[in-house]
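Structure data (CSV, C-alpha atoms and all ligand atoms) from model_13.csv:
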```csv
chain,number,residue,atom,x,y,z
A,1045,MET,CA,6.9,-0.6,-15.4
A,1046,ILE,CA,5.0,-1.2,-12.2
A,1047,LYS,CA,1.5,-2.6,-12.9
A,1048,VAL,CA,-1.4,-1.1,-10.9
A,1049,GLY,CA,-5.0,-2.0,-11.1
A,1050,ILE,CA,-7.5,0.9,-10.9
A,1051,SER,CA,-11.3,1.4,-11.0
A,1052,SER,CA,-11.8,2.7,-14.6
A,1053,CYS,CA,-13.8,5.6,-13.5
A,1054,LEU,CA,-10.8,7.0,-11.6
A,1055,ILE,CA,-8.8,7.6,-14.7
A,1056,GLY,CA,-11.6,9.4,-16.5
A,1057,HIS,CA,-13.5,6.5,-18.1
A,1058,LYS,CA,-17.2,7.5,-18.2
A,1059,VAL,CA,-18.4,4.2,-16.8
A,1060,ARG,CA,-20.3,5.2,-13.7
A,1061,TYR,CA,-24.0,4.5,-13.1
A,1062,ASP,CA,-24.8,8.0,-14.3
A,1063,GLY,CA,-22.5,8.1,-17.3
A,1064,GLY,CA,-19.9,10.1,-15.5
A,1065,HIS,CA,-16.4,9.5,-14.2
A,1066,LYS,CA,-14.5,10.2,-11.0
A,1067,ALA,CA,-11.1,11.1,-12.2
A,1068,SER,CA,-8.4,11.2,-9.6
A,1069,ASP,CA,-5.9,14.0,-10.0
A,1070,PHE,CA,-3.1,12.1,-8.2
A,1071,CYS,CA,-3.6,8.9,-10.2
A,1072,GLN,CA,-3.9,10.7,-13.5
A,1073,ASN,CA,-1.2,13.4,-13.1
A,1074,ASP,CA,1.4,12.1,-10.7
A,1075,LEU,CA,1.4,8.4,-10.1
A,1076,ASN,CA,0.8,7.7,-13.8
A,1077,GLU,CA,4.4,8.6,-14.6
A,1078,PHE,CA,5.6,5.6,-12.7
A,1079,VAL,CA,3.0,2.9,-13.3
A,1080,GLU,CA,1.1,1.2,-16.0
A,1081,TYR,CA,-2.6,1.0,-15.2
A,1082,LEU,CA,-4.9,-1.9,-15.6
A,1083,PRO,CA,-8.3,-0.2,-15.6
A,1084,LEU,CA,-11.2,-2.4,-14.7
A,1085,CYS,CA,-14.9,-1.6,-14.2
A,1086,PRO,CA,-16.5,-4.7,-12.7
A,1087,GLU,CA,-20.1,-3.5,-13.3
A,1088,ILE,CA,-19.5,-2.9,-17.0
A,1089,GLY,CA,-17.5,-6.2,-17.1
A,1090,ILE,CA,-20.5,-8.2,-16.0
A,1091,GLY,CA,-22.6,-6.6,-18.8
A,1092,LEU,CA,-24.5,-3.8,-17.0
A,1093,PRO,CA,-25.3,-0.7,-19.1
A,1094,ILE,CA,-24.4,3.0,-18.9
A,1095,PRO,CA,-26.4,4.6,-17.4
A,1096,ARG,CA,-27.6,1.8,-15.1
A,1097,PRO,CA,-29.9,1.4,-12.1
A,1098,SER,CA,-28.5,1.6,-8.6
A,1099,ILE,CA,-27.0,-1.4,-6.9
A,1100,ARG,CA,-27.5,-2.1,-3.2
A,1101,LEU,CA,-25.2,-4.0,-0.9
A,1102,GLU,CA,-26.9,-6.1,1.7
A,1103,GLY,CA,-25.5,-7.7,4.8
A,1104,LEU,CA,-27.0,-11.2,5.5
A,1105,GLU,CA,-27.5,-12.8,8.9
A,1106,ASN,CA,-24.8,-15.4,8.2
A,1107,GLY,CA,-22.2,-12.6,7.9
A,1108,THR,CA,-21.9,-12.6,4.1
A,1109,THR,CA,-22.7,-9.8,1.8
A,1110,ARG,CA,-24.7,-9.7,-1.5
A,1111,ALA,CA,-25.2,-7.1,-4.2
A,1112,LEU,CA,-28.6,-6.6,-5.8
A,1113,ILE,CA,-29.9,-4.4,-8.6
A,1114,THR,CA,-32.2,-2.3,-6.3
A,1115,LYS,CA,-35.0,-2.0,-8.8
A,1116,THR,CA,-35.3,-5.7,-9.9
A,1117,GLY,CA,-33.8,-7.5,-7.0
A,1118,GLU,CA,-31.5,-9.4,-9.3
A,1119,ASP,CA,-28.5,-10.8,-7.3
A,1120,ILE,CA,-25.3,-10.0,-9.1
A,1121,THR,CA,-22.9,-11.1,-6.3
A,1122,THR,CA,-21.6,-14.2,-8.1
A,1123,LYS,CA,-21.1,-12.3,-11.4
A,1124,LEU,CA,-19.0,-9.7,-9.6
A,1125,ARG,CA,-16.9,-12.3,-7.9
A,1126,ASP,CA,-16.5,-14.3,-11.1
A,1127,PHE,CA,-15.3,-11.1,-12.8
A,1128,ALA,CA,-12.3,-11.1,-10.5
A,1129,ASP,CA,-11.8,-14.9,-10.7
A,1130,VAL,CA,-11.5,-15.0,-14.4
A,1131,ARG,CA,-8.8,-12.2,-14.2
A,1132,LYS,CA,-6.9,-14.0,-11.5
A,1133,HIS,CA,-3.7,-14.2,-13.6
A,1134,GLN,CA,-3.8,-10.5,-14.5
A,1135,LEU,CA,-4.5,-9.5,-10.9
A,1136,ASN,CA,-1.6,-11.6,-9.8
A,1137,GLU,CA,0.8,-9.4,-11.9
A,1138,LEU,CA,-0.3,-6.2,-10.1
A,1139,SER,CA,1.8,-4.4,-7.4
A,1140,GLY,CA,-1.1,-2.3,-6.2
A,1141,TYR,CA,-4.8,-1.3,-6.7
A,1142,VAL,CA,-6.6,2.0,-6.4
A,1143,LEU,CA,-10.3,1.5,-5.8
A,1144,CYS,CA,-13.2,3.9,-6.1
A,1145,ALA,CA,-14.7,4.6,-2.6
A,1146,LYS,CA,-18.3,4.0,-1.6
A,1147,SER,CA,-19.1,1.7,-4.6
A,1148,PRO,CA,-21.0,-1.5,-3.8
A,1149,SER,CA,-18.5,-3.2,-6.3
A,1150,CYS,CA,-15.2,-1.4,-5.8
A,1151,GLY,CA,-15.4,0.2,-2.3
A,1152,LEU,CA,-12.8,-1.0,0.1
A,1153,GLU,CA,-14.5,0.0,3.3
A,1154,ARG,CA,-17.5,1.9,4.8
A,1155,VAL,CA,-19.7,1.1,1.8
A,1156,ARG,CA,-23.4,1.5,2.7
A,1157,LEU,CA,-24.6,-1.9,3.9
A,1158,TYR,CA,-28.4,-2.4,4.0
A,1159,THR,CA,-30.4,-4.8,6.1
A,1160,PRO,CA,-32.4,-7.0,3.5
A,1161,GLY,CA,-35.7,-5.5,2.7
A,1162,GLU,CA,-35.2,-2.4,4.8
A,1163,LYS,CA,-34.0,1.1,4.2
A,1164,ASP,CA,-31.7,1.4,7.2
A,1165,ASN,CA,-28.0,1.0,6.5
A,1166,ARG,CA,-24.7,1.5,8.1
A,1167,LYS,CA,-21.3,2.4,6.5
A,1168,ALA,CA,-19.7,-1.0,7.2
A,1169,GLY,CA,-19.6,-2.8,3.9
A,1170,VAL,CA,-16.9,-3.9,1.4
A,1171,GLY,CA,-17.7,-3.9,-2.3
A,1172,ILE,CA,-18.1,-7.4,-3.8
A,1173,PHE,CA,-15.2,-7.1,-6.3
A,1174,ALA,CA,-13.0,-5.5,-3.7
A,1175,GLN,CA,-13.7,-8.3,-1.3
A,1176,ARG,CA,-12.8,-10.9,-3.8
A,1177,LEU,CA,-9.7,-9.1,-4.8
A,1178,LYS,CA,-8.6,-9.1,-1.1
A,1179,GLU,CA,-9.2,-12.8,-0.9
A,1180,LEU,CA,-7.3,-13.6,-4.1
A,1181,GLU,CA,-4.4,-11.2,-3.4
A,1182,PRO,CA,-4.0,-10.8,0.4
A,1183,ALA,CA,-0.6,-9.0,0.1
A,1184,LEU,CA,-1.6,-6.6,-2.6
A,1185,PRO,CA,-1.5,-2.9,-1.5
A,1186,MET,CA,-4.9,-1.4,-2.0
A,1187,GLU,CA,-6.3,2.1,-1.3
A,1188,GLU,CA,-9.3,4.2,-2.1
A,1189,ASP,CA,-9.2,7.4,-4.2
A,1190,GLY,CA,-10.5,9.7,-1.5
A,1191,ARG,CA,-8.0,8.4,1.1
A,1192,LEU,CA,-5.2,9.3,-1.3
A,1193,ASN,CA,-5.9,12.9,-0.6
A,1194,ASP,CA,-4.5,12.5,2.9
A,1195,PRO,CA,-0.7,13.0,2.6
A,1196,HIS,CA,0.1,10.2,5.2
A,1197,LEU,CA,-2.2,7.7,3.5
A,1198,ARG,CA,-1.0,8.6,0.1
A,1199,GLU,CA,2.6,8.2,1.1
A,1200,ASN,CA,1.9,5.0,2.8
A,1201,PHE,CA,0.1,3.5,-0.2
A,1202,VAL,CA,2.9,4.5,-2.7
A,1203,LEU,CA,5.5,3.2,-0.3
A,1204,ARG,CA,3.7,-0.2,-0.1
A,1205,LEU,CA,3.3,-0.2,-3.9
A,1206,PHE,CA,7.0,0.2,-4.5
A,1207,VAL,CA,8.0,-2.4,-1.9
A,1208,TYR,CA,5.6,-4.9,-3.3
A,1209,SER,CA,6.7,-4.3,-6.8
A,1210,GLU,CA,10.3,-5.3,-5.7
A,1211,TRP,CA,8.9,-8.5,-4.2
A,1212,LYS,CA,7.0,-9.2,-7.4
A,1213,ALA,CA,10.2,-8.6,-9.4
A,1214,LEU,CA,12.2,-11.3,-7.5
A,1215,PRO,CA,13.0,-14.3,-9.8
A,1216,ARG,CA,10.7,-17.2,-9.5
A,1217,PRO,CA,10.8,-19.8,-8.0
A,1218,LEU,CA,11.8,-17.7,-5.0
A,1219,ASN,CA,15.0,-18.7,-3.2
A,1220,LYS,CA,16.1,-18.0,0.3
A,1221,LYS,CA,19.0,-15.8,-0.6
A,1222,ASP,CA,16.8,-13.3,-2.5
A,1223,VAL,CA,14.2,-13.3,0.2
A,1224,LEU,CA,16.8,-12.6,2.8
A,1225,ALA,CA,18.3,-9.8,0.7
A,1226,PHE,CA,14.7,-8.3,0.2
A,1227,HIS,CA,14.2,-8.4,4.0
A,1228,THR,CA,17.5,-6.8,4.7
A,1229,ARG,CA,16.8,-4.0,2.3
A,1230,HIS,CA,13.5,-3.1,4.0
A,1231,LYS,CA,14.5,-3.6,7.6
A,1232,LEU,CA,14.5,0.1,8.6
A,1233,LEU,CA,11.2,0.6,6.8
A,1234,LEU,CA,9.7,-2.2,8.8
A,1235,LEU,CA,11.2,-0.8,12.0
A,1236,ALA,CA,9.7,2.6,11.3
A,1237,HIS,CA,6.2,1.1,10.7
A,1238,ASN,CA,5.9,-1.8,13.1
A,1239,GLN,CA,8.5,-2.7,15.7
A,1240,PRO,CA,6.9,-6.0,16.8
A,1241,ALA,CA,6.5,-7.2,13.2
A,1242,TYR,CA,10.1,-6.2,12.5
A,1243,ARG,CA,11.3,-8.4,15.4
A,1244,ALA,CA,9.0,-11.3,14.7
A,1245,LEU,CA,9.8,-11.4,11.0
A,1246,GLY,CA,13.5,-11.2,11.7
A,1247,LYS,CA,13.3,-14.1,14.1
A,1248,ARG,CA,11.3,-16.2,11.7
A,1249,LEU,CA,13.8,-15.6,8.9
A,1250,GLY,CA,16.7,-16.3,11.2
A,1251,GLU,CA,15.2,-19.7,12.1
A,1252,LEU,CA,14.3,-20.5,8.5
A,1253,GLU,CA,16.0,-23.6,7.1
A,1254,GLN,CA,14.4,-24.1,3.8
A,1255,LEU,CA,12.2,-21.7,1.9
A,1256,ASN,CA,8.9,-22.9,0.5
A,1257,GLU,CA,6.0,-21.2,-1.3
A,1258,SER,CA,3.7,-21.2,1.8
A,1259,PHE,CA,6.3,-19.6,4.0
A,1260,ALA,CA,7.1,-17.0,1.3
A,1261,GLN,CA,3.4,-16.1,0.9
A,1262,ASP,CA,2.8,-15.9,4.6
A,1263,TYR,CA,6.0,-13.7,5.0
A,1264,ILE,CA,5.0,-11.2,2.3
A,1265,VAL,CA,1.5,-10.9,3.7
A,1266,GLN,CA,2.9,-10.1,7.1
A,1267,VAL,CA,5.4,-7.6,5.6
A,1268,MET,CA,2.7,-5.7,3.7
A,1269,ASN,CA,0.3,-5.8,6.7
A,1270,ALA,CA,3.1,-4.3,8.9
A,1271,LEU,CA,3.7,-1.5,6.4
A,1272,ALA,CA,0.0,-0.7,6.0
A,1273,LYS,CA,0.0,1.5,9.1
A,1274,PRO,CA,1.7,4.8,8.5
A,1275,ALA,CA,4.9,5.2,10.5
A,1276,SER,CA,4.5,7.5,13.6
A,1277,LYS,CA,6.8,10.4,14.4
A,1278,ALA,CA,8.0,8.4,17.4
A,1279,ASN,CA,8.9,5.4,15.3
A,1280,HIS,CA,10.7,7.5,12.7
A,1281,THR,CA,12.6,9.2,15.5
A,1282,ASN,CA,13.6,5.8,16.8
A,1283,VAL,CA,14.9,4.8,13.3
A,1284,LEU,CA,16.7,8.1,12.8
A,1285,GLN,CA,18.5,7.8,16.2
A,1286,HIS,CA,19.4,4.2,15.3
A,1287,VAL,CA,20.9,5.4,12.0
A,1288,GLN,CA,22.7,8.2,13.8
A,1289,GLY,CA,24.7,5.5,15.7
A,1290,TYR,CA,26.3,4.4,12.4
A,1291,PHE,CA,28.1,7.7,12.1
A,1292,LYS,CA,29.3,8.2,15.6
A,1293,THR,CA,33.0,7.7,14.7
A,1294,ASN,CA,32.7,9.9,11.6
A,1295,LEU,CA,31.2,13.0,13.0
A,1296,SER,CA,32.6,15.7,15.2
A,1297,THR,CA,30.9,16.5,18.5
A,1298,VAL,CA,29.4,19.6,17.0
A,1299,GLU,CA,28.0,17.7,14.0
A,1300,ARG,CA,26.6,14.9,16.2
A,1301,GLU,CA,24.8,17.4,18.4
A,1302,ALA,CA,23.4,19.3,15.4
A,1303,LEU,CA,22.1,16.0,14.0
A,1304,ALA,CA,20.6,14.9,17.3
A,1305,GLN,CA,19.0,18.4,17.6
A,1306,LEU,CA,17.5,18.1,14.0
A,1307,ILE,CA,16.0,14.7,14.8
A,1308,LEU,CA,14.4,16.1,18.0
A,1309,GLU,CA,13.1,19.1,16.0
A,1310,TYR,CA,11.5,16.7,13.6
A,1311,ARG,CA,10.0,14.8,16.5
A,1312,ALA,CA,8.6,18.1,17.8
A,1313,GLY,CA,7.0,18.9,14.5
A,1314,LEU,CA,9.4,21.8,13.8
A,1315,GLU,CA,11.1,20.1,10.8
A,1316,PRO,CA,9.7,17.7,8.1
A,1317,LEU,CA,11.1,14.2,7.9
A,1318,SER,CA,12.9,15.2,4.7
A,1319,ALA,CA,15.3,17.4,6.8
A,1320,PRO,CA,17.1,14.8,8.8
A,1321,LEU,CA,16.9,12.4,5.9
A,1322,ALA,CA,18.7,14.9,3.6
A,1323,LEU,CA,21.4,15.3,6.2
A,1324,PHE,CA,21.8,11.5,6.4
A,1325,LYS,CA,22.1,11.2,2.7
A,1326,HIS,CA,24.8,13.9,2.7
A,1327,TYR,CA,26.7,11.9,5.4
A,1328,LEU,CA,26.2,8.7,3.5
A,1329,ASN,CA,27.9,10.3,0.5
A,1330,LEU,CA,30.8,11.4,2.7
A,1331,TYR,CA,31.1,8.2,4.8
A,1332,PRO,CA,29.7,5.3,2.7
A,1333,LYS,CA,28.1,2.4,4.5
A,1334,ASP,CA,26.9,-0.5,2.5
A,1335,TYR,CA,24.1,-1.6,4.9
A,1336,LEU,CA,22.6,1.9,5.1
A,1337,ALA,CA,23.1,2.6,1.4
A,1338,GLY,CA,20.9,-0.4,0.5
A,1339,GLN,CA,18.1,0.6,2.8
A,1340,SER,CA,14.8,1.5,1.1
A,1341,TYR,CA,14.0,3.7,4.1
A,1342,PHE,CA,16.0,6.6,2.6
A,1343,GLN,CA,14.2,6.5,-0.8
A,1344,PRO,CA,11.3,4.1,-0.9
A,1345,TYR,CA,9.8,5.7,-4.0
A,1346,PRO,CA,10.9,8.4,-6.6
A,1347,GLN,CA,11.7,11.7,-5.0
A,1348,SER,CA,9.8,13.6,-7.7
A,1349,LEU,CA,6.5,12.3,-6.2
A,1350,ARG,CA,7.3,14.7,-3.3
A,1351,LEU,CA,5.5,12.5,-0.8
A,1352,ARG,CA,7.6,13.2,2.2
A,1353,TYR,CA,7.4,17.0,2.3
A,1354,GLY,CA,4.1,16.9,4.3
A,1355,LEU,CA,5.3,14.3,6.8
B,1,LIG,S1,-16.7,2.3,-9.0
B,1,LIG,FE1,-16.1,0.4,-10.0
B,1,LIG,S2,-18.0,-0.4,-10.7
B,1,LIG,FE2,-18.4,1.7,-10.3
B,1,LIG,S3,-18.0,2.8,-12.2
B,1,LIG,FE3,-16.1,2.9,-11.1
B,1,LIG,S4,-15.0,1.1,-11.8
B,1,LIG,FE4,-17.1,0.8,-12.4
```

How would this structure read if it were set down as structure tokens?
Ligand code: SF4
Amino acid sequence: MIKVGISSCLIGHKVRYDGGHKASDFCQNDLNEFVEYLPLCPEIGIGLPIPRPSIRLEGLENGTTRALITKTGEDITTKLRDFADVRKHQLNELSGYVLCAKSPSCGLERVRLYTPGEKDNRKAGVGIFAQRLKELEPALPMEEDGRLNDPHLRENFVLRLFVYSEWKALPRPLNKKDVLAFHTRHKLLLLAHNQPAYRALGKRLGELEQLNESFAQDYIVQVMNALAKPASKANHTNVLQHVQGYFKTNLSTVEREALAQLILEYRAGLEPLSAPLALFKHYLNLYPKDYLAGQSYFQPYPQSLRLRYGL
């Protein structure tokens, strides 16, 4: 089972400052079928009570951020960072993390960041726990609950989650053969998300003589960063047209034209991505091709999550 970290309040634990939760429908009723959650509440973990006083994130002149209990001024930054550090091994087993938005501990972006001693703030902070998590696990796919309501961002997070879980499942210590096979399997996905990264990573792997841990770590961070941007219609169209080339000797002129037309209709927003993909799967059954059959692009996550219908 794929292990996913999650802010406890998002799966209904009543751990928020006001004694409530912030249950995420998608996490509780859809994604839960495919993952095993590791629920963590950093604020409870460092010993704060329920209910508890508010916490304020402050941006300091040296560019760092601190978290204070607003009422007492107690600085809890180190405790929140340490909460992540002592769980380093558990966090390293995860393939993704869903964080609660806006929280001074868990928020991934746009958390209210105050100027010390003042009331003015801007939405520019990252929660202390989330920041430490990013430092410890730079390749780990992370997303906030609210952003998962957007079909493109939801699809993108789940896609990264499943790709990263495949990486985590590779036998350790990593060997060059497995890394090359991983890269080959995700080539079209990379092409759809980030063409420059697709080319650069292919070149680096092509020139690789011996695999070492630092190369592997750098490689997977680059792959996950490349996939973090949802694929555009133009890039999907490029991939679909590329795939079409594999069938040129199998299809009749009429079939080729119908396929080309369907791809253009997808590009124009008249058909969902799932339409040309379904036709390609059909042709793959009729005319098997090992390279394409192994591509995660056609089915990067379980179909029952219905993530591509809105794309
Ligand atoms: S946002 Fe994070 S710290 Fe706040 S209640 Fe949820 S899990 Fe706990």

Exercise for the section: Quick one: everything within 8 Å of segment 1128-1145 of chain A, counting all atoms listed in the file, minus sequence neighbours fewer than 3 positions away in the same chain. Send it as an NGL selection string. Expected result: :A and (1046-1051 or 1053-1054 or 1086 or 1124-1125 or 1150-1153 or 1155 or 1173-1174 or 1176-1177 or 1180-1181 or 1184-1190 or 1205-1206 or 1208-1209 or 1212)

Could you save the residues just selected, with C-alpha atoms, as a short mmCIF file (atom, residue, chain, number, x, y, z; two decimals), in the coordinates of the input?
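Contents of the output file result-v1.cif:
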```
data_model
loop_
_atom_site.label_atom_id
_atom_site.label_comp_id
_atom_site.auth_asym_id
_atom_site.auth_seq_id
_atom_site.Cartn_x
_atom_site.Cartn_y
_atom_site.Cartn_z
CA ILE A 1046 5.00 -1.20 -12.20
CA LYS A 1047 1.50 -2.60 -12.90
CA VAL A 1048 -1.40 -1.10 -10.90
CA GLY A 1049 -5.00 -2.00 -11.10
CA ILE A 1050 -7.50 0.90 -10.90
CA SER A 1051 -11.30 1.40 -11.00
CA CYS A 1053 -13.80 5.60 -13.50
CA LEU A 1054 -10.80 7.00 -11.60
CA PRO A 1086 -16.50 -4.70 -12.70
CA LEU A 1124 -19.00 -9.70 -9.60
CA ARG A 1125 -16.90 -12.30 -7.90
CA CYS A 1150 -15.20 -1.40 -5.80
CA GLY A 1151 -15.40 0.20 -2.30
CA LEU A 1152 -12.80 -1.00 0.10
CA GLU A 1153 -14.50 0.00 3.30
CA VAL A 1155 -19.70 1.10 1.80
CA PHE A 1173 -15.20 -7.10 -6.30
CA ALA A 1174 -13.00 -5.50 -3.70
CA ARG A 1176 -12.80 -10.90 -3.80
CA LEU A 1177 -9.70 -9.10 -4.80
CA LEU A 1180 -7.30 -13.60 -4.10
CA GLU A 1181 -4.40 -11.20 -3.40
CA LEU A 1184 -1.60 -6.60 -2.60
CA PRO A 1185 -1.50 -2.90 -1.50
CA MET A 1186 -4.90 -1.40 -2.00
CA GLU A 1187 -6.30 2.10 -1.30
CA GLU A 1188 -9.30 4.20 -2.10
CA ASP A 1189 -9.20 7.40 -4.20
CA GLY A 1190 -10.50 9.70 -1.50
CA LEU A 1205 3.30 -0.20 -3.90
CA PHE A 1206 7.00 0.20 -4.50
CA TYR A 1208 5.60 -4.90 -3.30
CA SER A 1209 6.70 -4.30 -6.80
CA LYS A 1212 7.00 -9.20 -7.40
#
```

Report as a VMD selection string all protein, DNA and RNA residues lying within 12 Å of Asn1073 of chain A, evaluated on only C-alpha atoms, omitting residues in the same chain fewer than 4 positions from it.
chain A and resid 1054 to 1056 1067 to 1069 1077 to 1079 1349

Query - For Ser1149 of chain A: contacts at 12 Å, all atoms listed in the file, fewer than 5 positions along chain excluded, given as a PyMOL selection string - result: chain A and resi 1051+1060-1061+1084-1090+1098-1102+1109-1113+1120-1125+1127-1128+1143-1144+1155-1157+1169-1177

**OP:** Can you pull out every residue within 9 Å of Arg1198 of chain A, counting only C-alpha atoms, but drop anything in the same chain fewer than 6 positions away, and send it as number ranges by chain?
**Re:** A: 1187, 1191-1192, 1351

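Between atom CA of Gln1261 of chain A and atom CA of Lys1273 of chain A the interatomic distance comes to 19.7 Å.
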
query = Using all atoms listed in the file, which of the listed residues (A:Leu1214, A:Ala1278, A:Met1045, A:Val1059) sits closest to Tyr1310 of chain A?
reply =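 Smallest distance to Tyr1310 of chain A is found for A:Ala1278.
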
Could you give me, as a list in words, the residues within 9 Å of segment 1241-1246 of chain A, counting all atoms listed in the file and dropping anything in the same chain fewer than 6 positions from it?
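Skipping anything fewer than 6 positions along the chain leaves His1227, Lys1231, Leu1232, Leu1233, Leu1234, Leu1235, Tyr1263, Gln1266, Val1267 and Ala1270 of chain A.
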
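Atom to atom, atom CA of Lys1058 of chain A and atom CA of Lys1146 of chain A stand 17.0 Å apart.
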
* Which residues, protein or nucleic acid, reach to within 12 Å of (12.0, -22.0, 5.5) in the file's coordinates when using only C-alpha atoms, and can you give that as JSON, numbers by chain? -> {"A": [1218, 1219, 1220, 1221, 1223, 1224, 1247, 1248, 1249, 1250, 1251, 1252, 1253, 1254, 1255, 1256, 1257, 1258, 1259, 1260, 1261, 1262, 1263]}

From atom CA of Pro1274 of chain A to atom CA of Leu1197 of chain A the spacing works out at 7.0 Å
